[in-house]
Structures are given as structure tokens and as C-alpha cells.
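J.: I am sharing coords.cif, which consists of mmCIF, N, CA and C atoms:
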data_work
#
loop_
_atom_site.label_atom_id
_atom_site.label_comp_id
_atom_site.auth_asym_id
_atom_site.auth_seq_id
_atom_site.Cartn_x
_atom_site.Cartn_y
_atom_site.Cartn_z
N MET A 8 -38.66 24.91 5.20
CA MET A 8 -38.01 25.45 4.03
C MET A 8 -36.49 25.40 4.19
N ARG A 9 -36.00 25.76 5.36
CA ARG A 9 -34.56 25.77 5.63
C ARG A 9 -33.99 24.35 5.49
N LYS A 10 -34.73 23.32 5.97
CA LYS A 10 -34.27 21.94 5.89
C LYS A 10 -34.22 21.48 4.42
N ALA A 11 -35.18 21.89 3.63
CA ALA A 11 -35.21 21.52 2.21
C ALA A 11 -34.03 22.13 1.47
N VAL A 12 -33.68 23.37 1.79
CA VAL A 12 -32.56 24.03 1.14
C VAL A 12 -31.25 23.34 1.50
N SER A 13 -31.07 22.98 2.78
CA SER A 13 -29.82 22.32 3.18
C SER A 13 -29.73 20.92 2.57
N THR A 14 -30.85 20.22 2.43
CA THR A 14 -30.86 18.91 1.79
C THR A 14 -30.50 19.03 0.31
N LEU A 15 -31.06 20.03 -0.35
CA LEU A 15 -30.74 20.26 -1.76
C LEU A 15 -29.26 20.63 -1.94
N THR A 16 -28.74 21.42 -1.03
CA THR A 16 -27.33 21.81 -1.09
C THR A 16 -26.44 20.58 -0.95
N LEU A 17 -26.76 19.70 -0.02
CA LEU A 17 -26.00 18.47 0.19
C LEU A 17 -26.05 17.59 -1.06
N ILE A 18 -27.21 17.43 -1.63
CA ILE A 18 -27.37 16.61 -2.85
C ILE A 18 -26.56 17.21 -4.00
N ALA A 19 -26.62 18.52 -4.14
CA ALA A 19 -25.87 19.19 -5.21
C ALA A 19 -24.36 19.01 -5.01
N ALA A 20 -23.90 19.12 -3.78
CA ALA A 20 -22.47 18.96 -3.49
C ALA A 20 -22.02 17.53 -3.79
N LEU A 21 -22.80 16.54 -3.38
CA LEU A 21 -22.46 15.15 -3.66
C LEU A 21 -22.47 14.87 -5.16
N ALA A 22 -23.44 15.39 -5.86
CA ALA A 22 -23.51 15.20 -7.31
C ALA A 22 -22.29 15.81 -7.99
N MET A 23 -21.87 16.98 -7.52
CA MET A 23 -20.72 17.64 -8.11
C MET A 23 -19.45 16.84 -7.83
N MET A 24 -19.30 16.31 -6.63
CA MET A 24 -18.13 15.50 -6.31
C MET A 24 -18.06 14.26 -7.19
N LEU A 25 -19.19 13.61 -7.38
CA LEU A 25 -19.21 12.39 -8.18
C LEU A 25 -18.92 12.66 -9.65
N THR A 26 -19.39 13.77 -10.16
CA THR A 26 -19.17 14.06 -11.58
C THR A 26 -17.81 14.66 -11.86
N THR A 27 -17.17 15.28 -10.89
CA THR A 27 -15.85 15.88 -11.12
C THR A 27 -14.72 14.93 -10.79
N GLY A 28 -14.99 13.79 -10.23
CA GLY A 28 -13.93 12.84 -9.91
C GLY A 28 -13.55 12.84 -8.45
N GLY A 29 -13.87 13.87 -7.71
CA GLY A 29 -13.54 13.90 -6.28
C GLY A 29 -14.20 12.77 -5.52
N GLY A 30 -15.40 12.43 -5.93
CA GLY A 30 -16.12 11.35 -5.27
C GLY A 30 -15.56 10.00 -5.62
N CYS A 31 -14.91 9.90 -6.79
CA CYS A 31 -14.33 8.61 -7.18
C CYS A 31 -13.25 8.20 -6.19
N PHE A 32 -12.40 9.16 -5.78
CA PHE A 32 -11.38 8.83 -4.80
C PHE A 32 -12.01 8.44 -3.48
N PHE A 33 -13.06 9.16 -3.09
CA PHE A 33 -13.74 8.86 -1.85
C PHE A 33 -14.34 7.45 -1.88
N LEU A 34 -15.05 7.14 -2.97
CA LEU A 34 -15.68 5.83 -3.08
C LEU A 34 -14.65 4.72 -3.20
N ALA A 35 -13.60 4.94 -3.98
CA ALA A 35 -12.57 3.92 -4.12
C ALA A 35 -11.86 3.70 -2.79
N GLY A 36 -11.58 4.79 -2.08
CA GLY A 36 -10.93 4.66 -0.78
C GLY A 36 -11.80 3.94 0.22
N ALA A 37 -13.09 4.23 0.20
CA ALA A 37 -14.01 3.57 1.12
C ALA A 37 -14.11 2.09 0.80
N ALA A 38 -14.16 1.75 -0.47
CA ALA A 38 -14.26 0.35 -0.87
C ALA A 38 -12.97 -0.38 -0.53
N ALA A 39 -11.82 0.24 -0.81
CA ALA A 39 -10.55 -0.42 -0.53
C ALA A 39 -10.31 -0.51 0.98
N GLY A 40 -10.76 0.49 1.73
CA GLY A 40 -10.56 0.48 3.18
C GLY A 40 -11.22 -0.69 3.86
N ALA A 41 -12.25 -1.22 3.25
CA ALA A 41 -12.96 -2.35 3.85
C ALA A 41 -12.10 -3.59 3.88
N VAL A 42 -11.11 -3.68 2.99
CA VAL A 42 -10.25 -4.85 2.96
C VAL A 42 -8.86 -4.55 3.50
N GLY A 43 -8.64 -3.38 4.03
CA GLY A 43 -7.37 -3.06 4.66
C GLY A 43 -6.33 -2.48 3.72
N ILE A 44 -6.70 -2.12 2.51
CA ILE A 44 -5.78 -1.51 1.56
C ILE A 44 -6.40 -0.20 1.08
N VAL A 45 -5.63 0.87 1.14
CA VAL A 45 -6.14 2.18 0.72
C VAL A 45 -5.13 2.83 -0.21
N TYR A 46 -5.61 3.35 -1.33
CA TYR A 46 -4.77 4.12 -2.24
C TYR A 46 -5.25 5.57 -2.18
N THR A 47 -4.37 6.46 -1.74
CA THR A 47 -4.73 7.86 -1.65
C THR A 47 -3.52 8.74 -1.90
N LYS A 48 -3.69 9.78 -2.68
CA LYS A 48 -2.66 10.77 -2.97
C LYS A 48 -1.35 10.13 -3.44
N GLY A 49 -1.44 9.05 -4.23
CA GLY A 49 -0.25 8.42 -4.79
C GLY A 49 0.38 7.34 -3.94
N ASP A 50 -0.12 7.11 -2.74
CA ASP A 50 0.42 6.07 -1.85
C ASP A 50 -0.57 4.92 -1.71
N LEU A 51 -0.04 3.70 -1.71
CA LEU A 51 -0.84 2.51 -1.42
C LEU A 51 -0.43 2.05 -0.04
N THR A 52 -1.40 1.90 0.86
CA THR A 52 -1.12 1.48 2.22
C THR A 52 -1.88 0.22 2.55
N GLY A 53 -1.19 -0.74 3.15
CA GLY A 53 -1.80 -1.99 3.57
C GLY A 53 -1.18 -2.46 4.87
N TYR A 54 -1.77 -3.47 5.48
CA TYR A 54 -1.30 -4.04 6.73
C TYR A 54 -1.15 -5.54 6.57
N GLU A 55 -0.06 -6.09 7.08
CA GLU A 55 0.18 -7.52 6.99
C GLU A 55 0.56 -8.08 8.36
N ASP A 56 0.23 -9.34 8.57
CA ASP A 56 0.58 -10.04 9.80
C ASP A 56 2.01 -10.56 9.69
N ALA A 57 2.97 -9.70 9.95
CA ALA A 57 4.38 -10.07 9.87
C ALA A 57 5.20 -9.00 10.57
N THR A 58 6.42 -9.35 10.92
CA THR A 58 7.32 -8.38 11.52
C THR A 58 7.91 -7.50 10.42
N VAL A 59 8.49 -6.37 10.82
CA VAL A 59 9.10 -5.47 9.86
C VAL A 59 10.27 -6.15 9.13
N PRO A 60 11.21 -6.83 9.84
CA PRO A 60 12.31 -7.47 9.11
C PRO A 60 11.83 -8.53 8.11
N ARG A 61 10.84 -9.32 8.48
CA ARG A 61 10.32 -10.33 7.56
C ARG A 61 9.64 -9.67 6.35
N THR A 62 8.91 -8.60 6.57
CA THR A 62 8.26 -7.89 5.48
C THR A 62 9.30 -7.23 4.57
N ALA A 63 10.40 -6.74 5.14
CA ALA A 63 11.47 -6.15 4.34
C ALA A 63 12.09 -7.22 3.42
N GLU A 64 12.31 -8.41 3.95
CA GLU A 64 12.86 -9.49 3.13
C GLU A 64 11.88 -9.88 2.02
N ALA A 65 10.60 -9.95 2.35
CA ALA A 65 9.58 -10.27 1.35
C ALA A 65 9.52 -9.18 0.28
N THR A 66 9.73 -7.94 0.68
CA THR A 66 9.72 -6.82 -0.26
C THR A 66 10.91 -6.91 -1.21
N LYS A 67 12.09 -7.23 -0.68
CA LYS A 67 13.26 -7.38 -1.55
C LYS A 67 13.05 -8.52 -2.55
N LEU A 68 12.46 -9.62 -2.12
CA LEU A 68 12.17 -10.73 -3.03
C LEU A 68 11.14 -10.32 -4.08
N ALA A 69 10.16 -9.53 -3.67
CA ALA A 69 9.14 -9.04 -4.60
C ALA A 69 9.77 -8.17 -5.68
N MET A 70 10.67 -7.29 -5.28
CA MET A 70 11.34 -6.42 -6.25
C MET A 70 12.19 -7.25 -7.23
N LYS A 71 12.86 -8.28 -6.69
CA LYS A 71 13.65 -9.16 -7.55
C LYS A 71 12.75 -9.88 -8.55
N ASP A 72 11.61 -10.40 -8.07
CA ASP A 72 10.65 -11.08 -8.96
C ASP A 72 10.21 -10.18 -10.11
N LEU A 73 9.99 -8.91 -9.80
CA LEU A 73 9.50 -7.96 -10.79
C LEU A 73 10.62 -7.37 -11.66
N GLY A 74 11.86 -7.72 -11.36
CA GLY A 74 12.99 -7.24 -12.15
C GLY A 74 13.39 -5.81 -11.85
N PHE A 75 13.08 -5.33 -10.64
CA PHE A 75 13.43 -3.97 -10.25
C PHE A 75 14.72 -4.00 -9.42
N PRO A 76 15.80 -3.40 -9.91
CA PRO A 76 17.07 -3.41 -9.17
C PRO A 76 16.94 -2.68 -7.84
N LEU A 77 17.47 -3.30 -6.79
CA LEU A 77 17.46 -2.70 -5.46
C LEU A 77 18.46 -1.56 -5.40
N LEU A 78 18.04 -0.44 -4.84
CA LEU A 78 18.92 0.71 -4.64
C LEU A 78 19.49 0.70 -3.23
N GLU A 79 18.60 0.52 -2.26
CA GLU A 79 19.01 0.48 -0.86
C GLU A 79 17.88 -0.09 -0.02
N SER A 80 18.24 -0.60 1.15
CA SER A 80 17.21 -1.10 2.07
C SER A 80 17.77 -1.17 3.48
N TYR A 81 16.87 -1.08 4.44
CA TYR A 81 17.24 -1.30 5.84
C TYR A 81 15.99 -1.76 6.56
N ALA A 82 16.19 -2.42 7.68
CA ALA A 82 15.06 -2.84 8.52
C ALA A 82 15.52 -2.99 9.95
N THR A 83 14.74 -2.41 10.85
CA THR A 83 14.93 -2.63 12.28
C THR A 83 13.66 -3.32 12.77
N SER A 84 13.54 -3.52 14.05
CA SER A 84 12.32 -4.15 14.56
C SER A 84 11.13 -3.20 14.49
N ASP A 85 11.40 -1.89 14.36
CA ASP A 85 10.31 -0.90 14.36
C ASP A 85 9.97 -0.30 13.00
N GLU A 86 10.96 -0.22 12.10
CA GLU A 86 10.69 0.37 10.80
C GLU A 86 11.70 -0.12 9.77
N GLY A 87 11.37 0.11 8.52
CA GLY A 87 12.27 -0.28 7.45
C GLY A 87 11.89 0.42 6.17
N GLU A 88 12.77 0.30 5.17
CA GLU A 88 12.49 0.89 3.88
C GLU A 88 13.26 0.12 2.82
N VAL A 89 12.59 -0.09 1.69
CA VAL A 89 13.22 -0.73 0.54
C VAL A 89 12.99 0.19 -0.66
N ASN A 90 14.08 0.53 -1.35
CA ASN A 90 14.01 1.38 -2.54
C ASN A 90 14.53 0.61 -3.73
N ALA A 91 13.81 0.68 -4.83
CA ALA A 91 14.22 -0.01 -6.05
C ALA A 91 13.98 0.90 -7.25
N ARG A 92 14.75 0.66 -8.31
CA ARG A 92 14.60 1.43 -9.54
C ARG A 92 13.47 0.82 -10.36
N VAL A 93 12.54 1.66 -10.80
CA VAL A 93 11.42 1.22 -11.63
C VAL A 93 11.53 1.98 -12.95
N GLY A 94 11.80 1.28 -14.02
CA GLY A 94 11.98 1.96 -15.28
C GLY A 94 13.29 2.72 -15.27
N SER A 95 13.39 3.73 -16.12
CA SER A 95 14.66 4.47 -16.22
C SER A 95 14.73 5.69 -15.30
N ASP A 96 13.58 6.20 -14.88
CA ASP A 96 13.64 7.44 -14.09
C ASP A 96 12.71 7.47 -12.88
N ASN A 97 12.20 6.33 -12.47
CA ASN A 97 11.33 6.31 -11.30
C ASN A 97 11.90 5.41 -10.22
N LYS A 98 11.49 5.67 -9.00
CA LYS A 98 11.91 4.88 -7.86
C LYS A 98 10.67 4.38 -7.13
N ALA A 99 10.71 3.12 -6.73
CA ALA A 99 9.66 2.56 -5.88
C ALA A 99 10.18 2.59 -4.45
N THR A 100 9.43 3.22 -3.57
CA THR A 100 9.80 3.29 -2.16
C THR A 100 8.75 2.55 -1.36
N VAL A 101 9.19 1.56 -0.59
CA VAL A 101 8.30 0.81 0.28
C VAL A 101 8.74 1.09 1.71
N HIS A 102 7.90 1.82 2.44
CA HIS A 102 8.20 2.15 3.83
C HIS A 102 7.41 1.22 4.73
N LEU A 103 8.06 0.68 5.75
CA LEU A 103 7.46 -0.28 6.66
C LEU A 103 7.47 0.26 8.08
N ASP A 104 6.35 0.13 8.78
CA ASP A 104 6.24 0.57 10.17
C ASP A 104 5.62 -0.54 11.01
N ARG A 105 6.19 -0.77 12.18
CA ARG A 105 5.66 -1.74 13.14
C ARG A 105 4.43 -1.15 13.80
N LYS A 106 3.31 -1.88 13.75
CA LYS A 106 2.10 -1.43 14.42
C LYS A 106 1.83 -2.25 15.69
N SER A 107 2.31 -3.49 15.73
CA SER A 107 2.27 -4.34 16.92
C SER A 107 3.33 -5.41 16.71
N ASP A 108 3.42 -6.37 17.62
CA ASP A 108 4.44 -7.41 17.51
C ASP A 108 4.39 -8.15 16.18
N GLN A 109 3.20 -8.36 15.65
CA GLN A 109 3.05 -9.13 14.42
C GLN A 109 2.25 -8.40 13.34
N VAL A 110 2.18 -7.09 13.38
CA VAL A 110 1.47 -6.35 12.33
C VAL A 110 2.39 -5.25 11.80
N CYS A 111 2.53 -5.26 10.48
CA CYS A 111 3.40 -4.29 9.80
C CYS A 111 2.55 -3.46 8.83
N LYS A 112 2.73 -2.16 8.90
CA LYS A 112 2.08 -1.25 7.94
C LYS A 112 3.03 -1.09 6.76
N ILE A 113 2.49 -1.27 5.55
CA ILE A 113 3.27 -1.16 4.32
C ILE A 113 2.76 0.04 3.54
N ASN A 114 3.67 0.95 3.20
CA ASN A 114 3.31 2.12 2.40
C ASN A 114 4.17 2.11 1.14
N ILE A 115 3.52 2.07 -0.03
CA ILE A 115 4.23 1.99 -1.30
C ILE A 115 3.99 3.25 -2.11
N ARG A 116 5.08 3.79 -2.64
CA ARG A 116 5.00 5.00 -3.48
C ARG A 116 5.89 4.79 -4.70
N ILE A 117 5.34 5.05 -5.87
CA ILE A 117 6.10 4.95 -7.11
C ILE A 117 6.31 6.36 -7.66
N GLY A 118 7.55 6.76 -7.80
CA GLY A 118 7.87 8.08 -8.35
C GLY A 118 7.27 9.22 -7.56
N THR A 119 7.06 10.32 -8.23
CA THR A 119 6.55 11.53 -7.58
C THR A 119 5.05 11.47 -7.35
N PHE A 120 4.34 10.98 -8.35
CA PHE A 120 2.88 11.06 -8.31
C PHE A 120 2.20 9.73 -7.97
N GLY A 121 2.93 8.64 -7.95
CA GLY A 121 2.35 7.34 -7.64
C GLY A 121 1.86 6.62 -8.88
N ASP A 122 1.72 5.31 -8.75
CA ASP A 122 1.20 4.45 -9.81
C ASP A 122 0.44 3.33 -9.10
N GLU A 123 -0.88 3.45 -9.07
CA GLU A 123 -1.69 2.51 -8.29
C GLU A 123 -1.54 1.07 -8.77
N ALA A 124 -1.58 0.86 -10.08
CA ALA A 124 -1.51 -0.51 -10.61
C ALA A 124 -0.18 -1.18 -10.24
N LEU A 125 0.91 -0.47 -10.40
CA LEU A 125 2.22 -1.02 -10.07
C LEU A 125 2.37 -1.21 -8.56
N SER A 126 1.85 -0.28 -7.78
CA SER A 126 1.90 -0.40 -6.33
C SER A 126 1.16 -1.65 -5.87
N ARG A 127 0.00 -1.91 -6.45
CA ARG A 127 -0.78 -3.10 -6.10
C ARG A 127 -0.05 -4.37 -6.52
N GLN A 128 0.63 -4.32 -7.66
CA GLN A 128 1.40 -5.48 -8.12
C GLN A 128 2.54 -5.79 -7.14
N ILE A 129 3.22 -4.77 -6.67
CA ILE A 129 4.29 -4.95 -5.69
C ILE A 129 3.72 -5.52 -4.40
N LEU A 130 2.60 -4.96 -3.92
CA LEU A 130 1.99 -5.45 -2.69
C LEU A 130 1.59 -6.92 -2.81
N GLU A 131 1.03 -7.30 -3.95
CA GLU A 131 0.64 -8.71 -4.16
C GLU A 131 1.85 -9.63 -4.08
N LYS A 132 2.97 -9.21 -4.66
CA LYS A 132 4.20 -10.01 -4.59
C LYS A 132 4.72 -10.10 -3.16
N ILE A 133 4.64 -8.99 -2.42
CA ILE A 133 5.06 -9.01 -1.01
C ILE A 133 4.20 -10.01 -0.25
N GLN A 134 2.89 -9.94 -0.44
CA GLN A 134 1.97 -10.84 0.24
C GLN A 134 2.26 -12.30 -0.11
N LEU A 135 2.58 -12.56 -1.37
CA LEU A 135 2.91 -13.91 -1.82
C LEU A 135 4.13 -14.44 -1.06
N HIS A 136 5.16 -13.61 -0.92
CA HIS A 136 6.36 -14.04 -0.21
C HIS A 136 6.13 -14.16 1.29
N LEU A 137 5.22 -13.38 1.84
CA LEU A 137 4.92 -13.51 3.27
C LEU A 137 4.17 -14.80 3.58
N LYS A 138 3.51 -15.37 2.58
CA LYS A 138 2.78 -16.63 2.79
C LYS A 138 3.74 -17.83 2.79
N GLU A 139 4.94 -17.66 2.25
CA GLU A 139 5.92 -18.74 2.22
C GLU A 139 6.37 -19.04 3.64
N PRO A 140 6.67 -20.32 3.92
CA PRO A 140 7.14 -20.66 5.26
C PRO A 140 8.48 -19.99 5.56
N VAL A 141 8.68 -19.65 6.81
CA VAL A 141 9.92 -19.02 7.25
C VAL A 141 11.00 -20.09 7.27
N ALA A 142 12.16 -19.78 6.71
CA ALA A 142 13.28 -20.73 6.68
C ALA A 142 13.66 -21.14 8.11
N GLY A 143 13.81 -22.42 8.32
CA GLY A 143 14.20 -22.92 9.64
C GLY A 143 13.02 -23.15 10.59
N ALA A 144 11.80 -22.81 10.17
CA ALA A 144 10.65 -23.02 11.05
C ALA A 144 10.27 -24.50 11.06
N ALA A 145 9.83 -24.96 12.18
CA ALA A 145 9.43 -26.35 12.31
C ALA A 145 8.17 -26.62 11.51
N ALA A 146 8.14 -27.76 10.86
CA ALA A 146 6.96 -28.14 10.07
C ALA A 146 5.81 -28.51 10.99
N VAL A 147 4.61 -28.12 10.61
CA VAL A 147 3.43 -28.46 11.41
C VAL A 147 2.94 -29.83 10.96
N PRO A 148 2.78 -30.78 11.92
CA PRO A 148 2.37 -32.14 11.55
C PRO A 148 0.95 -32.19 11.02
#
Can you present the structure in this file as C-alpha cells?

T.:
Amino acid sequence: MRKAVSTLTLIAALAMMLTTGGGCFFLAGAAAGAVGIVYTKGDLTGYEDATVPRTAEATKLAMKDLGFPLLESYATSDEGEVNARVGSDNKATVHLDRKSDQVCKINIRIGTFGDEALSRQILEKIQLHLKEPVAGAAAVP
């Protein structure tokens, strides 16, 4: 009897999460986590095979492509940040952290509460610029 009650309680809790929207974030996060991109609490986080300085340059190019004026930016070998104006009263902040020699964590936040669609658009542009060959690199035969 005790096992049946705890099973029913678990089912009721899961049903409530799914119907109130709490489960939507859980399911979306779990689905996105499988591909290395997670949107949670207004932040979009992804990982790319690139150094922080190279990712910062790709981010600045992405902002230019999208028509977002750059406010400020910096990049070291360990971390970086690019800030751009989005619309008339919002700011896009892209924070970069070195996770290994060739892996950079990208965290994107739009305004106070976040904007998932715009954050994903920025990330896609960053990824596009990271796929471009590095200037001065030798061509592969």
C-alpha cells in the first residue's frame, strides 16, 4: 500500500509539472542538452571548438551581421565578453569562458529576462563565423 501511494504521488507531481509549464523547461532543457545547447532562466549556453579570442571575434562579426551596434568587448586567453545594443533598450551580453585549449563555453543573455529565439540566432551566427577559415592559415591540399 505504501509503495502504491508513493507511486501515485510521483505520477501526480509529474502530471502537475507538465500541465503547469515547469515540465516544459525540464523537457526542453533535456532535449537541448543532448546537443550541447541549453536554454535556462533566460541564458543560452553552448560549447564550441575554438579559443576564447577566436570566439570573441566571431561574436563581434555575428553582431555586425545582425545589425547590433557593439558597446564593448574584451577577450583574454581564459575569458571574454561582447556586449551589443539590441533594439532601443536591451543589451545582448555574450560571455565566453575557456574550458580547455580548444573548447569555449558561450553564454548569451538578452536584456533582463532573456530572449531564446534571438539568443539562438546570435549563436548560429557565431557558429557560422567559427566555421570560416582562420586568416593566414595554410590551405589543406

J.: Which residues would end up in the selection if the PyMOL selection byres ((chain A and resi 54) around 6) were applied here, given that I need the answer as a list in words?

T.: Gly43, Ile44, Thr52, Gly53, Glu55, Asp56, Cys111, Lys112 and Ile113 of chain A

J.: Measuring atom to atom with only N, CA and C atoms, identify which of A:Lys67, A:Lys138, A:Arg92, A:Lys98 is nearest to Gly118 (chain A).

T.: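 Looking at the shortest contact to Gly118 (chain A), the residue is A:Lys98.
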
J.: Could you pull the residues within 5 Å of region 62-65 of chain A, counting all atoms listed in the file, minus those fewer than 4 positions along the same chain, as an MDAnalysis selection string?

T.: chainID A and resid 58 69 133

J.: To one decimal place, how far is atom C of Thr66 (chain A) from atom C of Lys132 (chain A) in Å?

T.: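 About the pair atom C of Thr66 (chain A) and atom C of Lys132 (chain A): they are 7.2 Å apart.
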
J.: With only C-alpha atoms as the counted atoms, please give the residues lying no more than 7 Å from Leu103 (chain A), apart from itself and same-chain residues fewer than 2 positions off, as a ChimeraX atom specification.

T.: /A:59,86-88,101,105,111-114

J.: Could you please give me, as a CSV table (one decimal) with N, CA and C atoms, keeping the file's coordinate frame, the residues of protein, DNA or RNA lying at most 12 Å from (22.4, -2.5, -9.5) in the coordinate frame of the file, considering only C-alpha atoms?

T.:
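That gives us result.csv:
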chain,number,residue,atom,x,y,z
A,71,LYS,N,12.9,-8.3,-6.7
A,71,LYS,CA,13.6,-9.2,-7.6
A,71,LYS,C,12.8,-9.9,-8.6
A,74,GLY,N,11.9,-7.7,-11.4
A,74,GLY,CA,13.0,-7.2,-12.2
A,74,GLY,C,13.4,-5.8,-11.8
A,75,PHE,N,13.1,-5.3,-10.6
A,75,PHE,CA,13.4,-4.0,-10.2
A,75,PHE,C,14.7,-4.0,-9.4
A,76,PRO,N,15.8,-3.4,-9.9
A,76,PRO,CA,17.1,-3.4,-9.2
A,76,PRO,C,16.9,-2.7,-7.8
A,77,LEU,N,17.5,-3.3,-6.8
A,77,LEU,CA,17.5,-2.7,-5.5
A,77,LEU,C,18.5,-1.6,-5.4
A,78,LEU,N,18.0,-0.4,-4.8
A,78,LEU,CA,18.9,0.7,-4.6
A,78,LEU,C,19.5,0.7,-3.2
A,79,GLU,N,18.6,0.5,-2.3
A,79,GLU,CA,19.0,0.5,-0.9
A,79,GLU,C,17.9,-0.1,0.0
A,90,ASN,N,14.1,0.5,-1.4
A,90,ASN,CA,14.0,1.4,-2.5
A,90,ASN,C,14.5,0.6,-3.7
A,91,ALA,N,13.8,0.7,-4.8
A,91,ALA,CA,14.2,0.0,-6.0
A,91,ALA,C,14.0,0.9,-7.2
A,92,ARG,N,14.8,0.7,-8.3
A,92,ARG,CA,14.6,1.4,-9.5
A,92,ARG,C,13.5,0.8,-10.4
A,93,VAL,N,12.5,1.7,-10.8
A,93,VAL,CA,11.4,1.2,-11.6
A,93,VAL,C,11.5,2.0,-13.0

J.: So which bits of region 75-135 of chain A end up alpha helix (DSSP H) when you DSSP the backbone, as JSON, numbers by chain?

T.: {"A": [123, 124, 125, 126, 127, 128, 129, 130, 131, 132, 133, 134, 135]}
